[in-house]
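Heads up, the thing below is written out as structure tokens.
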Amino acid sequence: MKRMRIALVAAAAASALALAGCATGGGEAEPTEEEAAPTFEAGTTMAELAEAGEITVGTKFDQPLFGLLDPNTNTPVGFDVEIAKIIAGELGISEDNINWVESVSANREPFIENGEVDIVVATYTINDKRKEVVSFAGPYYMAGQSILVLADNEDITSEEDLVGQPVCSVTGSTPAQKLTEIGAVPLLTDTYTNCLEPLRSGEVVAVSTDNVILAGLAAQNEGEFKVVGEPFTEEPYGIGLALDDTEFRMWINDVLEASYEDGSYEEAWNSTAGTVLPFVEPPAPDRY
Amino acid sequence: MTGANVLFDAPGPRARRRSLIVSIIAGTLILAGIVWVLLILAAPRESSGGLVLPGQFDPTRWDIYANPAIWAAIGGGVVRTLQAALVAAVLAILLGVVFSLLRSSHIAWIRIPTAVVLEFIRGMPVLLMMLFILLVASTGQYWAVVSALALYNGAIIGEALRAGLASLPRGQREAALSVGMREMQSKFLIEFPQAFRQMLPIIVAQLVVLLKDTALGFIVGYNELIRTTMYNLAAFVGNRYLFSLFFVTLVIYLIINLTLSWFARWLSRRTASGGRKAKGKPIDPTQGLLVVQASAAAQEGRQG
Amino acid sequence: MDVVIDNLPRYLDGFSKTLILLAASGVIALILGTLIAAMRISPIPSLRWFATVYTELARNTPLTLVLFFCAFILPYLGVRFDYMILAIIGLSYYTSPFVAEALRSGVNGVPVGQAEAARSLGFGFSQSVSLIILPQAFRMTVPPLINVFIALTKNTSVAGGFFVAELFTIGKELANANGQAVIAVLLGVATFYLIITVPLGLLAVQLEKKWVVAR
């Protein structure tokens, strides 16, 4: 309760500051969080969150480039985290008032359904079965499943070379399912860093998951591994939220589109995943 | 059968010499094995792309530990592990008392459903129980971990207490009742203190298991020690430090658990001297449960 | 519940792996545990020390770390096996001290007089242990051993994190693929575990009542 009150006071102070800023300086085009005091129709999720002055976001804590807990600051860093910050910013919520909750594959849908998190931004692939229980804003990024092999491996160039071969991936993930479908033998563990030792020792011939995750692994171990072939699936990353909250979903889509326009999306990308991956034009949100 | 020395004569000079020689050879072999393992770990290793990875003891694999933030993160993991374990331990003991009461109730429709529920709890993997509690009761990660651990270990401690109660001489209860105590008074004032004291080492040993099992909290994303080091930190600092993180984690766990185990043994010794001794008083706590359970079952068998 | 029926083959696949893990590590842990128990009461002090150190290490290491050692460090040292076998090694190692404790409790349950009688008839250490003590200890040991195996059944679920697609891993896979029915999927997993553990538990209770000798 106490924390909530502090948050409210902080939010009020922030919006007062922002108002003052508007009154004196006029609207500079700087995309900071408290640019303007946002107003929302009463009763919407946006209004509730803006009034509470805090938001709970589920994200990965162990995914390089997208969501990774930084021990130096004890907060997560990465592209997903930046996207969440943009959304929070539009609600008038500052970074410090975002509650980060680690999201693992087993708790994403239930956390959204139970209202334990407001949104999930966690390399979360949009698919139809998930749409039965949660809804997705976005996609805000189009990833694709790809293959990581040893740097001197010339035999594997596409997913067809994986048929019948042992390939490492992570339990409870979409790529693992896909591996079974294409006829590879998936060896599953809990986290991608565990996949590299078997790859070195030859217990598996490749690691396969979303290209962006593989790029992160390759970058952390320079020269040892390489990503090969073209992505062979489409993994649209979406922002998970409550099933029937269409207003909130449409509003997040608006925010995403605005961030594509004003450069904050590209900025978010360049400061995180952009350090090892090229920038690609963001996909248009799917307003289903 | 407490003193194993009845099984063989005190060794004479020749037997002693022989056993010394065997010991020296075996010790040398073990030592050589350890050295061999360390040498392999220390050797640099060729990887793909013509890269030579440094050995596991190379400073570049350990330099993260110069960063205080890493230790702060590890410390946070230790604190969260102990936090979950401590709260779960208290709850488990309370639950254990409740379970043992319900389970030894004279009313069949209390006793039998309790037995079924206990069997269910004991038969479910703790991992699964955590997930269930998280998903069904939507408790949040911390309480999912704590309540699953409390339930499971409460069931075990409950059984231990029940066995302890059953192994008390019937005279204790009869005496209590005959001086005018009610059923519950006798249970709480006379029987429980004795059963509890007798079972204390076993309960502490079960608490070591509980502490180790907090590691299963990774499944619901609870940031205990192993999740902190082997998942989040490993992802942050990179795969190069995976082994060193493993060693650090292992050492921390061993320190915590060995301290607790040592405490369990110390308690066991303290409670063993003086006071009423159980039949075949065990030296080691875990086996004590088995012995007392067995003798309790035997007594129950005799009674009914 | 449709999810469970639709994916029954996958459940059964995982279940069979769980059973293999259970059976193989159960047998090996039994052998290892017996050896350790024998060492702990043996006349040679160094064997007793070894057994003590082994027990302390195995009992105080979380299973996750034991399995990590088997899945990553053993192959690094040149031990190349299938991950299934590596998991079996880890589970056996982790379970063996508990087996040893169960056995030791059985041995401790045998009255000292039995051993004294055996010794007075001129039996040596191995004779009195194998002919007099163990046969009597066995009856007291079986129920607690069953409890050890129940714990082992549940512990196999940890191996799922280390490249063995046992029941729990299958459960996680299915839960991910069927985001709309996570709870049904997990109930299915729980049922399969209970199929193993509940009968074992009931057996333990029965044997305990029947076999235990009141002394």
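Starting from 1 in every chain, residues are counted up; chains themselves are A, B, ... following the order of the structure tokens, and ligands are numbered from 1 as listed.
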*Within 10 Å of chain B: residues of chain A, using only C-alpha atoms, as number ranges by chain*: A: 60-65, 67-74, 77, 101-111, 113-116, 149-153, 190-197, 200-201, 216-217, 219-226
Among region 73-252 of chain A, which ones does DSSP place in helix (DSSP H, G or I), written as a tab-separated table (two decimals) with N, CA and C atoms, in the first residue's frame?
chain	number	residue	atom	x	y	z
A	79	PHE	N	16.18	-5.51	-25.85
A	79	PHE	CA	15.23	-4.88	-26.75
A	79	PHE	C	13.80	-4.97	-26.21
A	80	ASP	N	13.41	-6.16	-25.72
A	80	ASP	CA	12.08	-6.30	-25.15
A	80	ASP	C	11.86	-5.30	-24.02
A	81	VAL	N	12.90	-5.13	-23.23
A	81	VAL	CA	12.81	-4.23	-22.09
A	81	VAL	C	12.59	-2.80	-22.57
A	82	GLU	N	13.30	-2.43	-23.65
A	82	GLU	CA	13.15	-1.07	-24.19
A	82	GLU	C	11.73	-0.86	-24.72
A	83	ILE	N	11.21	-1.89	-25.40
A	83	ILE	CA	9.84	-1.79	-25.93
A	83	ILE	C	8.86	-1.56	-24.77
A	84	ALA	N	9.04	-2.31	-23.70
A	84	ALA	CA	8.17	-2.16	-22.53
A	84	ALA	C	8.30	-0.75	-21.96
A	85	LYS	N	9.53	-0.23	-21.98
A	85	LYS	CA	9.73	1.11	-21.45
A	85	LYS	C	9.01	2.16	-22.30
A	86	ILE	N	9.01	1.94	-23.64
A	86	ILE	CA	8.31	2.88	-24.52
A	86	ILE	C	6.82	2.89	-24.17
A	87	ILE	N	6.26	1.69	-23.99
A	87	ILE	CA	4.83	1.60	-23.67
A	87	ILE	C	4.54	2.26	-22.33
A	88	ALA	N	5.38	1.93	-21.33
A	88	ALA	CA	5.19	2.53	-20.01
A	88	ALA	C	5.30	4.04	-20.10
A	89	GLY	N	6.27	4.50	-20.89
A	89	GLY	CA	6.48	5.93	-21.04
A	89	GLY	C	5.23	6.63	-21.56
A	90	GLU	N	4.57	5.97	-22.52
A	90	GLU	CA	3.35	6.56	-23.08
A	90	GLU	C	2.22	6.61	-22.05
A	95	GLU	N	10.67	4.65	-15.85
A	95	GLU	CA	11.36	3.36	-15.77
A	95	GLU	C	11.37	2.77	-14.37
A	96	ASP	N	11.56	3.66	-13.39
A	96	ASP	CA	11.70	3.18	-12.01
A	96	ASP	C	10.42	2.57	-11.48
A	97	ASN	N	9.29	2.92	-12.13
A	97	ASN	CA	8.02	2.40	-11.63
A	97	ASN	C	7.53	1.19	-12.41
A	105	SER	N	8.63	-19.95	-19.78
A	105	SER	CA	7.60	-20.38	-20.72
A	105	SER	C	6.36	-20.93	-20.01
A	106	ALA	N	6.55	-21.55	-18.83
A	106	ALA	CA	5.40	-22.16	-18.18
A	106	ALA	C	4.47	-21.14	-17.53
A	107	ASN	N	4.93	-19.93	-17.31
A	107	ASN	CA	4.05	-19.02	-16.57
A	107	ASN	C	3.51	-17.85	-17.38
A	108	ARG	N	3.82	-17.78	-18.66
A	108	ARG	CA	3.39	-16.60	-19.40
A	108	ARG	C	1.87	-16.46	-19.48
A	109	GLU	N	1.21	-17.45	-20.07
A	109	GLU	CA	-0.25	-17.36	-20.22
A	109	GLU	C	-0.94	-17.22	-18.87
A	110	PRO	N	-0.61	-18.10	-17.90
A	110	PRO	CA	-1.30	-17.99	-16.61
A	110	PRO	C	-1.11	-16.63	-15.94
A	111	PHE	N	0.10	-16.07	-16.06
A	111	PHE	CA	0.33	-14.77	-15.43
A	111	PHE	C	-0.56	-13.70	-16.06
A	112	ILE	N	-0.72	-13.77	-17.37
A	112	ILE	CA	-1.59	-12.79	-18.02
A	112	ILE	C	-3.04	-13.04	-17.62
A	113	GLU	N	-3.44	-14.31	-17.66
A	113	GLU	CA	-4.83	-14.64	-17.34
A	113	GLU	C	-5.21	-14.22	-15.92
A	128	ASP	N	-1.94	-19.10	-32.84
A	128	ASP	CA	-3.40	-19.16	-32.69
A	128	ASP	C	-3.84	-19.80	-31.38
A	129	LYS	N	-3.11	-20.83	-30.96
A	129	LYS	CA	-3.53	-21.49	-29.71
A	129	LYS	C	-3.40	-20.54	-28.54
A	130	ARG	N	-2.31	-19.77	-28.55
A	130	ARG	CA	-2.14	-18.81	-27.46
A	130	ARG	C	-3.21	-17.73	-27.52
A	131	LYS	N	-3.64	-17.42	-28.74
A	131	LYS	CA	-4.66	-16.38	-28.89
A	131	LYS	C	-5.99	-16.80	-28.27
A	159	GLU	N	18.06	-26.14	-42.94
A	159	GLU	CA	17.35	-27.03	-42.01
A	159	GLU	C	17.25	-28.46	-42.54
A	160	GLU	N	17.38	-28.62	-43.87
A	160	GLU	CA	17.28	-29.98	-44.42
A	160	GLU	C	18.44	-30.86	-43.96
A	161	ASP	N	19.57	-30.21	-43.65
A	161	ASP	CA	20.73	-30.98	-43.20
A	161	ASP	C	20.59	-31.46	-41.76
A	162	LEU	N	19.52	-31.03	-41.11
A	162	LEU	CA	19.36	-31.40	-39.70
A	162	LEU	C	18.58	-32.69	-39.53
A	174	THR	N	8.76	-22.88	-28.95
A	174	THR	CA	8.23	-23.18	-30.28
A	174	THR	C	9.28	-23.82	-31.19
A	175	PRO	N	10.54	-23.35	-31.16
A	175	PRO	CA	11.55	-23.97	-32.03
A	175	PRO	C	11.72	-25.46	-31.77
A	176	ALA	N	11.60	-25.87	-30.51
A	176	ALA	CA	11.76	-27.29	-30.19
A	176	ALA	C	10.71	-28.11	-30.92
A	177	GLN	N	9.49	-27.58	-30.93
A	177	GLN	CA	8.40	-28.25	-31.64
A	177	GLN	C	8.72	-28.39	-33.12
A	178	LYS	N	9.21	-27.29	-33.68
A	178	LYS	CA	9.50	-27.25	-35.11
A	178	LYS	C	10.57	-28.29	-35.48
A	179	LEU	N	11.56	-28.45	-34.58
A	179	LEU	CA	12.63	-29.41	-34.85
A	179	LEU	C	12.07	-30.81	-35.04
A	180	THR	N	11.13	-31.18	-34.17
A	180	THR	CA	10.50	-32.49	-34.31
A	180	THR	C	9.80	-32.59	-35.65
A	181	GLU	N	9.12	-31.49	-36.04
A	181	GLU	CA	8.37	-31.51	-37.30
A	181	GLU	C	9.28	-31.73	-38.50
A	182	ILE	N	10.47	-31.11	-38.49
A	182	ILE	CA	11.32	-31.26	-39.68
A	182	ILE	C	12.15	-32.54	-39.62
A	192	TYR	N	19.58	-21.61	-23.09
A	192	TYR	CA	20.40	-21.75	-24.30
A	192	TYR	C	21.89	-21.82	-24.02
A	193	THR	N	22.35	-21.19	-22.93
A	193	THR	CA	23.79	-21.26	-22.67
A	193	THR	C	24.21	-22.71	-22.44
A	194	ASN	N	23.26	-23.56	-21.99
A	194	ASN	CA	23.58	-24.97	-21.80
A	194	ASN	C	23.82	-25.70	-23.12
A	195	CYS	N	23.38	-25.11	-24.22
A	195	CYS	CA	23.48	-25.80	-25.50
A	195	CYS	C	24.89	-25.77	-26.10
A	196	LEU	N	25.72	-24.84	-25.63
A	196	LEU	CA	26.99	-24.63	-26.33
A	196	LEU	C	28.01	-25.74	-26.06
A	197	GLU	N	28.04	-26.22	-24.81
A	197	GLU	CA	29.02	-27.26	-24.47
A	197	GLU	C	28.77	-28.53	-25.29
A	198	PRO	N	27.53	-29.02	-25.40
A	198	PRO	CA	27.30	-30.17	-26.28
A	198	PRO	C	27.65	-29.89	-27.73
A	199	LEU	N	27.50	-28.64	-28.15
A	199	LEU	CA	27.85	-28.30	-29.53
A	199	LEU	C	29.36	-28.39	-29.72
A	200	ARG	N	30.11	-27.88	-28.75
A	200	ARG	CA	31.57	-27.95	-28.81
A	200	ARG	C	32.04	-29.40	-28.84
A	201	SER	N	31.43	-30.22	-27.97
A	201	SER	CA	31.92	-31.58	-27.84
A	201	SER	C	31.36	-32.48	-28.93
A	211	ASN	N	16.60	-16.74	-34.72
A	211	ASN	CA	17.88	-16.20	-35.18
A	211	ASN	C	18.48	-15.16	-34.24
A	212	VAL	N	17.61	-14.37	-33.59
A	212	VAL	CA	18.14	-13.29	-32.76
A	212	VAL	C	18.84	-13.84	-31.51
A	213	ILE	N	18.30	-14.95	-30.99
A	213	ILE	CA	18.92	-15.56	-29.81
A	213	ILE	C	20.27	-16.16	-30.20
A	214	LEU	N	20.29	-16.81	-31.36
A	214	LEU	CA	21.53	-17.41	-31.85
A	214	LEU	C	22.60	-16.34	-32.08
A	215	ALA	N	22.16	-15.20	-32.61
A	215	ALA	CA	23.12	-14.12	-32.85
A	215	ALA	C	23.75	-13.68	-31.53
A	216	GLY	N	22.93	-13.63	-30.49
A	216	GLY	CA	23.45	-13.27	-29.17
A	216	GLY	C	24.48	-14.27	-28.69
A	217	LEU	N	24.20	-15.56	-28.87
A	217	LEU	CA	25.14	-16.60	-28.43
A	217	LEU	C	26.44	-16.51	-29.22
A	218	ALA	N	26.31	-16.32	-30.54
A	218	ALA	CA	27.51	-16.23	-31.38
A	218	ALA	C	28.35	-15.03	-30.97
A	219	ALA	N	27.69	-13.91	-30.65
A	219	ALA	CA	28.42	-12.70	-30.30
A	219	ALA	C	29.16	-12.86	-28.98
A	220	GLN	N	28.56	-13.61	-28.05
A	220	GLN	CA	29.22	-13.79	-26.75
A	220	GLN	C	30.47	-14.68	-26.85
A	246	THR	N	-9.47	-5.38	-25.73
A	246	THR	CA	-9.21	-4.89	-27.08
A	246	THR	C	-8.71	-3.45	-27.09
A	247	GLU	N	-9.29	-2.62	-26.21
A	247	GLU	CA	-8.88	-1.22	-26.17
A	247	GLU	C	-7.39	-1.07	-25.90
A	248	PHE	N	-6.93	-1.81	-24.88
A	248	PHE	CA	-5.53	-1.77	-24.50
A	248	PHE	C	-4.66	-2.26	-25.66
A	249	ARG	N	-5.11	-3.32	-26.29
A	249	ARG	CA	-4.35	-3.91	-27.39
A	249	ARG	C	-4.20	-2.91	-28.53
A	250	MET	N	-5.33	-2.28	-28.89
A	250	MET	CA	-5.29	-1.32	-29.99
A	250	MET	C	-4.41	-0.13	-29.61
A	251	TRP	N	-4.51	0.25	-28.34
A	251	TRP	CA	-3.71	1.39	-27.91
A	251	TRP	C	-2.21	1.06	-28.00
A	252	ILE	N	-1.83	-0.17	-27.57
A	252	ILE	CA	-0.41	-0.56	-27.68
A	252	ILE	C	0.03	-0.58	-29.14
*Considering only C-alpha atoms, extract the chain A residues located within 6 Å of chain C and return them as number ranges by chain.*
A: 130, 132-133, 172, 187-190
_List as a PyMOL selection string the protein and nucleic acid residues near region 238-245 of chain A, meaning an atom at most 8 Å away when only C-alpha atoms are counted, but skip any in the same chain fewer than 4 places from it._
chain A and resi 45+112-113+115+118-126+131-141+249
Can you check which parts of chain C lie within 7 Å of chain B? Per residue, the shortest pair of atoms and distance in Å to one decimal, counting only C-alpha atoms, sorted by chain and number, as a Markdown table.
| residue | atom | partner | partner_atom | distance |
| --- | --- | --- | --- | --- |
| C:Ile41 | CA | B:Ala4 | CA | 5.9 |
| C:Pro43 | CA | B:Phe8 | CA | 6.9 |
| C:Ile44 | CA | B:Ser19 | CA | 5.8 |
| C:Ser46 | CA | B:Ser23 | CA | 5.5 |
| C:Asn60 | CA | B:Asn257 | CA | 5.5 |
| C:Thr61 | CA | B:Leu254 | CA | 6.3 |
| C:Pro62 | CA | B:Lys212 | CA | 5.2 |
| C:Leu65 | CA | B:Leu250 | CA | 7.0 |
| C:Leu77 | CA | B:Ile40 | CA | 6.5 |
| C:Glu101 | CA | B:Gln287 | CA | 5.6 |
| C:Ala102 | CA | B:Gln287 | CA | 6.2 |
| C:Ser105 | CA | B:Gln287 | CA | 5.1 |
| C:Val107 | CA | B:Met1 | CA | 6.6 |
| C:Asn108 | CA | B:Met1 | CA | 4.6 |
| C:Gly109 | CA | B:Gly280 | CA | 6.4 |
| C:Val110 | CA | B:Met1 | CA | 5.6 |
| C:Pro111 | CA | B:Met1 | CA | 5.2 |
| C:Val112 | CA | B:Met1 | CA | 4.3 |
| C:Ala115 | CA | B:Leu7 | CA | 6.3 |
| C:Glu116 | CA | B:Val6 | CA | 6.3 |
| C:Arg119 | CA | B:Leu7 | CA | 6.9 |
| C:Gly124 | CA | B:Phe8 | CA | 6.8 |
| C:Phe125 | CA | B:Phe8 | CA | 5.4 |
| C:Pro144 | CA | B:Leu290 | CA | 6.3 |
| C:Ile150 | CA | B:Gly123 | CA | 7.0 |
| C:Lys154 | CA | B:Pro125 | CA | 4.6 |
| C:Ala190 | CA | B:Met124 | CA | 6.6 |
| C:Tyr193 | CA | B:Met124 | CA | 6.6 |
| C:Leu194 | CA | B:Gly123 | CA | 5.8 |
| C:Thr197 | CA | B:Gly123 | CA | 5.1 |
| C:Val198 | CA | B:Gly123 | CA | 6.1 |
| C:Glu208 | CA | B:Ala297 | CA | 6.7 |
| C:Lys209 | CA | B:Ala297 | CA | 6.0 |
| C:Val212 | CA | B:Ala298 | CA | 6.0 |
| C:Val213 | CA | B:Ala298 | CA | 6.6 |
| C:Ala214 | CA | B:Ala298 | CA | 5.2 |
